[in-house]
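> Would you mind keeping the following structure in view while I ask a few things?
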Amino acid sequence: MTLRDRAAIVGVGWTEYSKNSGVSTLALALRAIAAALEDAGLALGDADGVACHRVGDSAPAFAVAQSLGIRDLRFHVDQFGGGSNSAGVVGLAAMAVATGVADCVVCWRAINARSEHRMGGTGRAPLVEGEFQFQAPYGFATPPQQFAMYTRAYLDAYAVPPEALGQVAIAQRAWAGQNERAVMRTPITLEDYLASRWIVEPFRLLDCCLETDAAVALVVTSADRAADLRRVPVLVSGAVFGGGHTLYSNGRQDLTISAAAEMAPRLFASAGVGPSDIDVLELYDAFTPLVLMQLEDYGFCAKGEAAGLVASGATGPGGGLPVNTHGGHLSEGYVHGLNHVAEAVSQLRGDAGPRQIVGAEVALSTGQPGYVAGTSSALVLRRAG
Amino acid sequence: MSDTGTPLPVFDRDSRPWWEAVARHELTMQVCERCGRRRWPPRALCNGCGSFSWRWIAASGQGTVASWIVNRHPFFPGMEVPSVVVMVRLDDADDVVVPGGWGGQPDGSGLRIGLPVQVGYEENADGVTLLVWRPAD
């Protein structure tokens with residue numbers, strides 16, 4: 001048995017992206033879910049499963065299920081963990097509907113990450129249990145620090161110049177200029193990048209994702225049922241989970257290779273496609289270097305070559321390898337990776353307006369590639385028909 | 001969170017003896033009694049051979065810089081910037097990297113990946129003994 005093309009995303013919904021939503025995180029989640037169900041042509045009562053991932057601020061799965069009025073809840077996941085799980089939650093929902101465990105699962109990520117609970121700390125007690133106990137006492141505990149540590153090793157190993165990180169930010173800002181939802185739309189230059197202040201070397205401010213108040217939701221049902229709904233189904237062709245190595249895993253000797261390198265062969269084999277079949281890439285981008293590492297580790301270029309690829313303009317508007325067409329976490333906003341899945345759906349349905357990739361049929365959408373807590377997940381999505 | 005704003009470690013039943021050794025200015029690690037694999041952080045099970053049998057050994061305290069960061073933004077109240085955090089690959093096991101403070105320049109000058117370093121110890125304002133790595137002699 002295979003999961004390939006047996007489940008579909010049939011609805012997508014967003015709230016406004018802002019610095020202060022003015023409403024509760026649960027209210028944000030419910031607004032996005034209601035919009036996604038309406039997009040699918042379904043009613044609130046049609047959902048019988050709920051799935052989200054969470055770290056920091058979140059709308060709990062049980063509270064969402066109760067709020068939606070689901071009387072016979074058949075599937076629930078409240079997955080602890082960050083962006084590693086953003087694609088995986090959709091994969092779990094696909095498994096549930098493909099196997100008949102549930103009929104219609106809503107996935108969401110809701111977060112008041114700017115106005116209420118900022119990710120990872122600053123001024124708030126960070127997580128110091130588990131492996132973090134060995135680093136937090138040095139004041140090494142927040143996401144930018146964690147990713148900066150890997151990035152230094154990566155930049156050094158492949159002699160990648162700092163400007164290469166800037167090119168990622170510039171390309172994604174150019175995409176965001178074509179996305180009305182994006183929080184940051186003003187074009188930036190390499191000069192702007194190099195003038196932006198240090199946060200934690202080797203990261204400048206423009207290497208870092210935004211902190212956003214927003215929610216995104218998706219509706220997942222079986223491919224059979226999807227064929228009868230009003231929107232063109234976006235099939236889940238492949239869903240993989242992987243990783244297992246952390247900074248301290250006792251087994252990982254090279255800090256510069258992500259879990260994506262292990263997942264990519266399984267992902268493409270399960271979906272029956274290869275990198276050359278992918279029309280649009282929505283790559284988890286909490287920080288700029290993750291785009292470079294994933295381009296390499298998912299097999300779009302050799303190790304060390306992503307910097308040149310991005311600098312050539314290939315990943316930006318008009319390029320041959322479009323990456324993060326919504327602007328990503330760097331410029332659209334931070335919805336913990338679920339906005340990347342939503343953008344893939346938009347592109348495959350032909351809904352992406354001025355930034356539409358003409359004829360897009362297959363998309364890759366990834367979670368954080370395993371640099372924190374070691375795990376990762378990814379999806380290959382395909383337009384039905 | 002401590003009074004000084006620096007996060008405090010939460011010792012668990014696997015890690016407490018390691019932290020207690022650090023407080024005595026000793027760097028330790030586990031060794032598997034079946035396959036001899038050296039490991040850190042402390043765990044009950046060998047992920048090489050699956051044995052639950054292990055003992056503590058003294059680590060050499062020597063390693064090389066695997067990576068480092070320079071904090072420019074004060075991430076916690078009272079955090080001094082710039083300040084460096086290093087990850088050190090132990091000479092005892094090339095797949096073990098250990099974080100620590102840096103005894104060299106606070107702006108990271110002089111650091112490079114592969115730089116030989118040796119461990120030292122420093123008590124912080126909360127009375128917790130932490131590792132401080134310095135260039136090897």
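Letters A, B, ... mark the chains of the structure tokens in the order given; residue numbers begin at 1 per chain; ligand numbers begin at 1, in order shown.
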Taking only C-alpha atoms into account, find every residue of chain A that has an atom no more than 9 Å from chain B, and write it out as a CSV table (one decimal) with N, CA and C atoms, in the first residue's frame.


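Produced file iface-v8.csv, reproduced below:
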chain,number,residue,atom,x,y,z
A,121,GLY,N,11.8,33.0,23.4
A,121,GLY,CA,12.3,33.7,24.5
A,121,GLY,C,12.4,35.2,24.5
A,122,THR,N,13.5,35.7,24.5
A,122,THR,CA,13.9,37.1,24.8
A,122,THR,C,13.0,37.6,26.0
A,123,GLY,N,13.6,37.4,27.2
A,123,GLY,CA,12.9,37.9,28.4
A,123,GLY,C,12.0,36.9,29.0
A,124,ARG,N,11.9,35.7,28.4
A,124,ARG,CA,11.0,34.7,29.0
A,124,ARG,C,11.8,33.5,29.2
A,125,ALA,N,11.5,32.7,30.2
A,125,ALA,CA,12.3,31.5,30.6
A,125,ALA,C,12.3,30.5,29.4
A,126,PRO,N,13.5,30.3,28.8
A,126,PRO,CA,13.5,29.3,27.7
A,126,PRO,C,13.5,27.9,28.2
A,127,LEU,N,13.2,27.0,27.3
A,127,LEU,CA,13.2,25.5,27.6
A,127,LEU,C,14.7,25.1,27.9
A,128,VAL,N,14.9,24.6,29.1
A,128,VAL,CA,16.2,24.2,29.5
A,128,VAL,C,16.3,22.7,29.8
A,129,GLU,N,15.3,21.9,29.5
A,129,GLU,CA,15.3,20.5,29.7
A,129,GLU,C,15.9,19.8,28.5
A,130,GLY,N,16.1,18.5,28.7
A,130,GLY,CA,16.6,17.7,27.6
A,130,GLY,C,17.9,18.2,27.2
A,131,GLU,N,18.2,18.2,25.9
A,131,GLU,CA,19.5,18.6,25.4
A,131,GLU,C,19.8,20.1,25.6
A,132,PHE,N,18.7,20.9,25.7
A,132,PHE,CA,18.9,22.3,25.9
A,132,PHE,C,19.6,22.7,27.2
A,133,GLN,N,19.5,21.7,28.2
A,133,GLN,CA,20.2,22.0,29.5
A,133,GLN,C,21.7,22.2,29.3
A,134,PHE,N,22.3,21.6,28.2
A,134,PHE,CA,23.7,21.8,28.0
A,134,PHE,C,24.1,23.0,27.3
A,135,GLN,N,23.2,23.8,26.7
A,135,GLN,CA,23.5,25.0,26.0
A,135,GLN,C,22.9,26.2,26.6
A,136,ALA,N,21.7,26.1,27.2
A,136,ALA,CA,21.0,27.3,27.7
A,136,ALA,C,21.8,28.1,28.7
A,137,PRO,N,22.5,27.4,29.6
A,137,PRO,CA,23.2,28.2,30.6
A,137,PRO,C,24.3,29.1,30.0
A,138,TYR,N,24.7,28.9,28.8
A,138,TYR,CA,25.6,29.8,28.1
A,138,TYR,C,24.8,30.9,27.4
A,139,GLY,N,23.5,31.0,27.6
A,139,GLY,CA,22.7,32.0,26.9
A,139,GLY,C,22.5,31.6,25.4
A,140,PHE,N,22.6,30.4,25.2
A,140,PHE,CA,22.5,29.8,23.8
A,140,PHE,C,21.2,29.0,23.8
A,141,ALA,N,20.1,29.7,23.4
A,141,ALA,CA,18.8,29.0,23.6
A,141,ALA,C,17.8,29.4,22.5
A,142,THR,N,18.0,30.4,21.8
A,142,THR,CA,17.0,30.9,20.9
A,142,THR,C,17.2,30.4,19.4
A,145,GLN,N,20.2,31.8,17.3
A,145,GLN,CA,21.5,31.3,17.8
A,145,GLN,C,21.7,29.8,17.3
A,146,GLN,N,20.7,29.0,17.5
A,146,GLN,CA,20.8,27.6,17.1
A,146,GLN,C,21.2,27.4,15.6
A,148,ALA,N,22.4,29.8,13.6
A,148,ALA,CA,23.6,30.4,13.3
A,148,ALA,C,24.8,29.5,13.6
A,149,MET,N,24.7,28.6,14.6
A,149,MET,CA,25.8,27.7,14.9
A,149,MET,C,26.0,26.7,13.7
A,150,TYR,N,24.9,26.2,13.2
A,150,TYR,CA,25.1,25.3,12.0
A,150,TYR,C,25.6,26.1,10.8
A,151,THR,N,25.1,27.3,10.7
A,151,THR,CA,25.4,28.1,9.5
A,151,THR,C,26.9,28.4,9.4
A,152,ARG,N,27.5,28.7,10.5
A,152,ARG,CA,28.9,29.0,10.5
A,152,ARG,C,29.7,27.8,9.9
A,153,ALA,N,29.3,26.6,10.3
A,153,ALA,CA,30.0,25.4,9.8
A,153,ALA,C,29.8,25.3,8.3
A,156,ASP,N,31.7,27.9,6.2
A,156,ASP,CA,33.1,27.6,6.2
A,156,ASP,C,33.4,26.4,5.4
A,197,ARG,N,21.6,45.2,10.8
A,197,ARG,CA,22.4,45.0,12.0
A,197,ARG,C,22.6,43.5,12.3
A,198,TRP,N,23.7,43.3,12.9
A,198,TRP,CA,24.0,41.9,13.4
A,198,TRP,C,23.0,41.5,14.5
A,199,ILE,N,22.5,40.3,14.4
A,199,ILE,CA,21.7,39.7,15.5
A,199,ILE,C,22.6,38.7,16.2
A,200,VAL,N,23.1,37.7,15.5
A,200,VAL,CA,24.0,36.8,16.1
A,200,VAL,C,24.9,36.3,14.9
A,201,GLU,N,26.1,36.7,14.9
A,201,GLU,CA,27.0,36.3,13.7
A,201,GLU,C,27.0,34.8,13.5
A,202,PRO,N,26.8,34.4,12.3
A,202,PRO,CA,26.8,35.1,11.0
A,202,PRO,C,25.4,35.6,10.5
A,247,LEU,N,22.3,18.3,17.2
A,247,LEU,CA,23.6,18.8,17.4
A,247,LEU,C,24.4,17.8,18.3
A,248,TYR,N,23.8,17.1,19.2
A,248,TYR,CA,24.4,16.3,20.1
A,248,TYR,C,24.2,14.8,19.9
A,249,SER,N,23.8,14.4,18.7
A,249,SER,CA,23.2,13.1,18.6
A,249,SER,C,24.2,11.9,18.7
A,250,ASN,N,25.5,12.2,18.7
A,250,ASN,CA,26.4,11.1,18.8
A,250,ASN,C,26.2,10.2,17.6
A,251,GLY,N,26.6,10.6,16.5
A,251,GLY,CA,26.4,9.9,15.2
A,251,GLY,C,26.4,10.8,14.0
A,252,ARG,N,26.3,12.1,14.3
A,252,ARG,CA,26.3,13.1,13.2
A,252,ARG,C,27.7,13.8,13.3
A,253,GLN,N,28.5,13.5,12.3
A,253,GLN,CA,29.8,14.0,12.2
A,253,GLN,C,29.9,15.3,11.4
A,254,ASP,N,28.9,15.5,10.5
A,254,ASP,CA,29.0,16.7,9.6
A,254,ASP,C,27.8,17.6,9.9
A,255,LEU,N,28.1,18.8,10.5
A,255,LEU,CA,27.0,19.7,10.8
A,255,LEU,C,26.4,20.4,9.6

> When you look at Ala8 in chain A with a cut-off of 7 Å (counting only C-alpha atoms), what residues show up, excluding the ones that are within fewer than 4 positions of it in the same chain? I need them as a PyMOL selection string.

chain A and resi 220-223+226+233-236

> So which residues of range 254-362 of chain A fall under strand (DSSP E) by DSSP, listed as a PyMOL selection string?

chain A and resi 280-282+362

> Tell me which of B:Leu90, B:Cys35, B:Val119, B:Ala125 sits closest to Ser51 in chain B, counting only C-alpha atoms.

B:Cys35

> Env of Ala269 in chain A: 12 Å cut, atoms = only C-alpha atoms, seq-sep filter 6 positions within chain, self excluded. Answer as a PDB file with C-alpha atoms, in the first residue's frame.


ATOM      1  CA  THR A   2       1.222   3.480  -0.767  1.00  0.00           C
ATOM      2  CA  LEU A   3      -0.048   6.917   0.168  1.00  0.00           C
ATOM      3  CA  ARG A   4       0.596   8.265  -3.312  1.00  0.00           C
ATOM      4  CA  SER A 237       1.808  12.480  -3.834  1.00  0.00           C
ATOM      5  CA  GLY A 238       4.402  11.865  -1.156  1.00  0.00           C
ATOM      6  CA  ALA A 239       4.839  12.554   2.554  1.00  0.00           C
ATOM      7  CA  VAL A 240       7.985  11.670   4.455  1.00  0.00           C
ATOM      8  CA  MET A 263      14.644  12.100   3.239  1.00  0.00           C
ATOM      9  CA  PRO A 275      13.869  17.052  -8.580  1.00  0.00           C
ATOM     10  CA  LEU A 379       5.573  16.784   0.994  1.00  0.00           C
ATOM     11  CA  VAL A 380       5.328  16.438  -2.751  1.00  0.00           C
TER      12      VAL A 380
END

> For each of A:Glu296, A:Trp14, A:Val106, A:Ala32, take the minimum atom-to-atom distance to Val50 in chain A, counting only C-alpha atoms, then give the residue where this is smallest.

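Among A:Glu296, A:Trp14, A:Val106, A:Ala32, it is A:Val106 that comes nearest to Val50 in chain A.
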
> Using only C-alpha atoms, which residue out of A:Pro354, A:Asp5, A:Pro144, A:Met293 lies closest to Arg383 in chain A?

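Among the listed residues, the smallest separation from Arg383 in chain A belongs to A:Asp5.
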
> For Tyr284 in chain A, list every protein, DNA or RNA residue within 12 Å, evaluated using only C-alpha atoms, and leave out those in the same chain fewer than 6 positions away; present the list as a PyMOL selection string.

chain A and resi 82-87+209+260+290-295+323-330+333-341+343+364-371+376-379

> Tell me which of A:Ala47, A:Val55, A:Ala344, A:Val273 sits closest to Ala102 in chain A, counting only C-alpha atoms.

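Once distances to Ala102 in chain A are computed over only C-alpha atoms, the minimum belongs to A:Ala47.
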